[in-house]
Amino acid sequence: MTLAQAAALGLIQGLTEIFPISSSAHLALAPRIFGWQDQGLAYDVALHWGTLFALLACFGRDLWTLAAKERRLFWGLAIGTVPAGLSGLFLDDYVETVFRDPQVIAVPLIAFGILLAAAERWGKQESRLEGMGLTACLWIGLAQALAVVPGVSRSGVTITAALLLGLKRPDSAKFSFLLSIPIVFGAGVLKFKDLPAAELGPAFWVGMAAAGLSGYAAIRFLMRFVQNRTLYVFAGYRVAVGLAALLLP
């Protein structure tokens with residue numbers, strides 16, 4: 001892998017992990033579009049560590065505050081993490097093979113894009129993060145468990161679930177990012193051992209740095225964007241990419 005390819009994959013990861021458009025789908029489709037050798041799921045997860053650093057830079061203080069003062073919501077995050085952790089363990093083999101096929105990826109891209117638009121349209125958007133109960137946290141966690149499938153999008157499906165449960169758009173995005181921190185960390189730890197030592201060279205670190213920097217910029221942008229703008233543009237983009245993926249060999 002060249003440094004340019006590593007930087008491009010890191011940029012793709014950072015932007016698409018944060019925006020509700022599925023980083024795993026874009027990382028699986030990019031090699032087919034540009035004619036590169038598939039970098040493999042282990043490298044994809046390693047790139048997630050770049051966005052993990054971005055998430056911690058933006059929300060680490062919030063996570064610490066929850067642990068120290070808002071124990072109910074902190075435990076809600078813990079409960080919401082469990083389903084995604086279990087789905088990652090049990091579906092890992094399928095993700096490595098079947099779920100990296102463009103035609104398979106296209107279906108959740110389109111379906112969950114439509115669902116995101118529906119949540120934006122019909123979600124009440126009345127509740128705040130501080131009023132979330134443990135049951136709501138669990139439902140959003142169950143939705144996050146679906147994100148093991150490329151095309152679903154971790155941020156997309158959790159924001160969708162939060163909107164459908166009545167959370168305001170900014171609170172939905174913030175909870176989505178807080179909920180993703182332990183999952184991204186855990187996936188990185190589990191997959192790091194699958195990376196050959198030869199891949200832990202300059203390309204690895206360039207990709208991680210690109211993912212971190214682009215992820216940080218994307219978080220700052222999206223948190224401002226959702227204050228007074230809808231998510232329809234992301235829903236439309238998902239459907240368009242999904243339709244294009246159906247045409248790939």
# chains A, B, ... in the order shown; residues from 1 in each chain; ligands from 1
call {"tool": "residues_around", "arguments": {"residues": "stretch 154-168 of chain A", "least_positions_apart": "6", "cutoff": "7 Å", "atoms": "only C-alpha atoms", "output": "PyMOL selection string"}}
result
chain A and resi 18-22+116+119-120+123-128+140+143-144+147+176-177
call {"tool": "write_last_selection", "arguments": {"atoms": "C-alpha atoms", "output": "PDB file, in the first residue's frame"}}
result
ATOM      1  CA  ILE A  18     -18.567  10.482  11.544  1.00  0.00           C
ATOM      2  CA  PHE A  19     -21.114  11.333   8.864  1.00  0.00           C
ATOM      3  CA  PRO A  20     -24.064   8.873   8.886  1.00  0.00           C
ATOM      4  CA  ILE A  21     -23.063   7.249   5.580  1.00  0.00           C
ATOM      5  CA  SER A  22     -21.121   4.103   6.635  1.00  0.00           C
ATOM      6  CA  LEU A 116     -32.803   7.979   8.360  1.00  0.00           C
ATOM      7  CA  ALA A 119     -36.648   9.419  11.385  1.00  0.00           C
ATOM      8  CA  GLU A 120     -35.778  12.993  10.429  1.00  0.00           C
ATOM      9  CA  GLY A 123     -39.125  11.847  14.957  1.00  0.00           C
ATOM     10  CA  LYS A 124     -40.623  14.158  17.584  1.00  0.00           C
ATOM     11  CA  GLN A 125     -37.235  15.649  18.543  1.00  0.00           C
ATOM     12  CA  GLU A 126     -38.478  16.828  21.945  1.00  0.00           C
ATOM     13  CA  SER A 127     -36.214  15.040  24.450  1.00  0.00           C
ATOM     14  CA  ARG A 128     -32.758  15.986  25.692  1.00  0.00           C
ATOM     15  CA  ILE A 140     -30.127   2.574  20.640  1.00  0.00           C
ATOM     16  CA  ALA A 143     -29.636  -0.513  16.765  1.00  0.00           C
ATOM     17  CA  GLN A 144     -25.855  -0.072  16.950  1.00  0.00           C
ATOM     18  CA  ALA A 147     -23.754  -1.559  12.284  1.00  0.00           C
ATOM     19  CA  SER A 176     -24.219   8.381  19.001  1.00  0.00           C
ATOM     20  CA  PHE A 177     -20.600   9.499  19.255  1.00  0.00           C
TER      21      PHE A 177
END
call {"tool": "residues_around", "arguments": {"residues": "A:Ser87", "least_positions_apart": "4", "cutoff": "9 Å", "atoms": "only C-alpha atoms", "output": "list in words"}}
result
Val82, Pro83, Leu91, Asp92, Ala145, Leu146, Ala147 and Val148 of chain A
call {"tool": "write_last_selection", "arguments": {"atoms": "C-alpha atoms", "output": "tab-separated table (two decimals), in the first residue's frame"}}
result
chain	number	residue	atom	x	y	z
A	82	VAL	CA	-23.21	-4.73	24.98
A	83	PRO	CA	-25.35	-5.64	21.91
A	91	LEU	CA	-20.75	-12.04	12.92
A	92	ASP	CA	-17.04	-11.39	12.40
A	145	ALA	CA	-25.48	-3.86	16.86
A	146	LEU	CA	-26.72	-3.74	13.24
A	147	ALA	CA	-23.75	-1.56	12.28
A	148	VAL	CA	-21.48	-4.59	12.04
call {"tool": "atom_distance", "arguments": {"atom1": "atom CA of A:Asp44", "atom2": "atom CA of A:Trp75"}}
result
28.6 Å
call {"tool": "select_by_dssp", "arguments": {"residues": "stretch 141-203 of chain A", "states": "helix (DSSP H, G or I)", "output": "ChimeraX atom specification"}}
result
/A:141-148,154-164,169-192,197-199,202-203
call {"tool": "closest_residue", "arguments": {"among": "A:Leu29, A:Ile114, A:Val107, A:Val206", "to": "A:Pro249", "atoms": "only C-alpha atoms"}}
result
A:Leu29
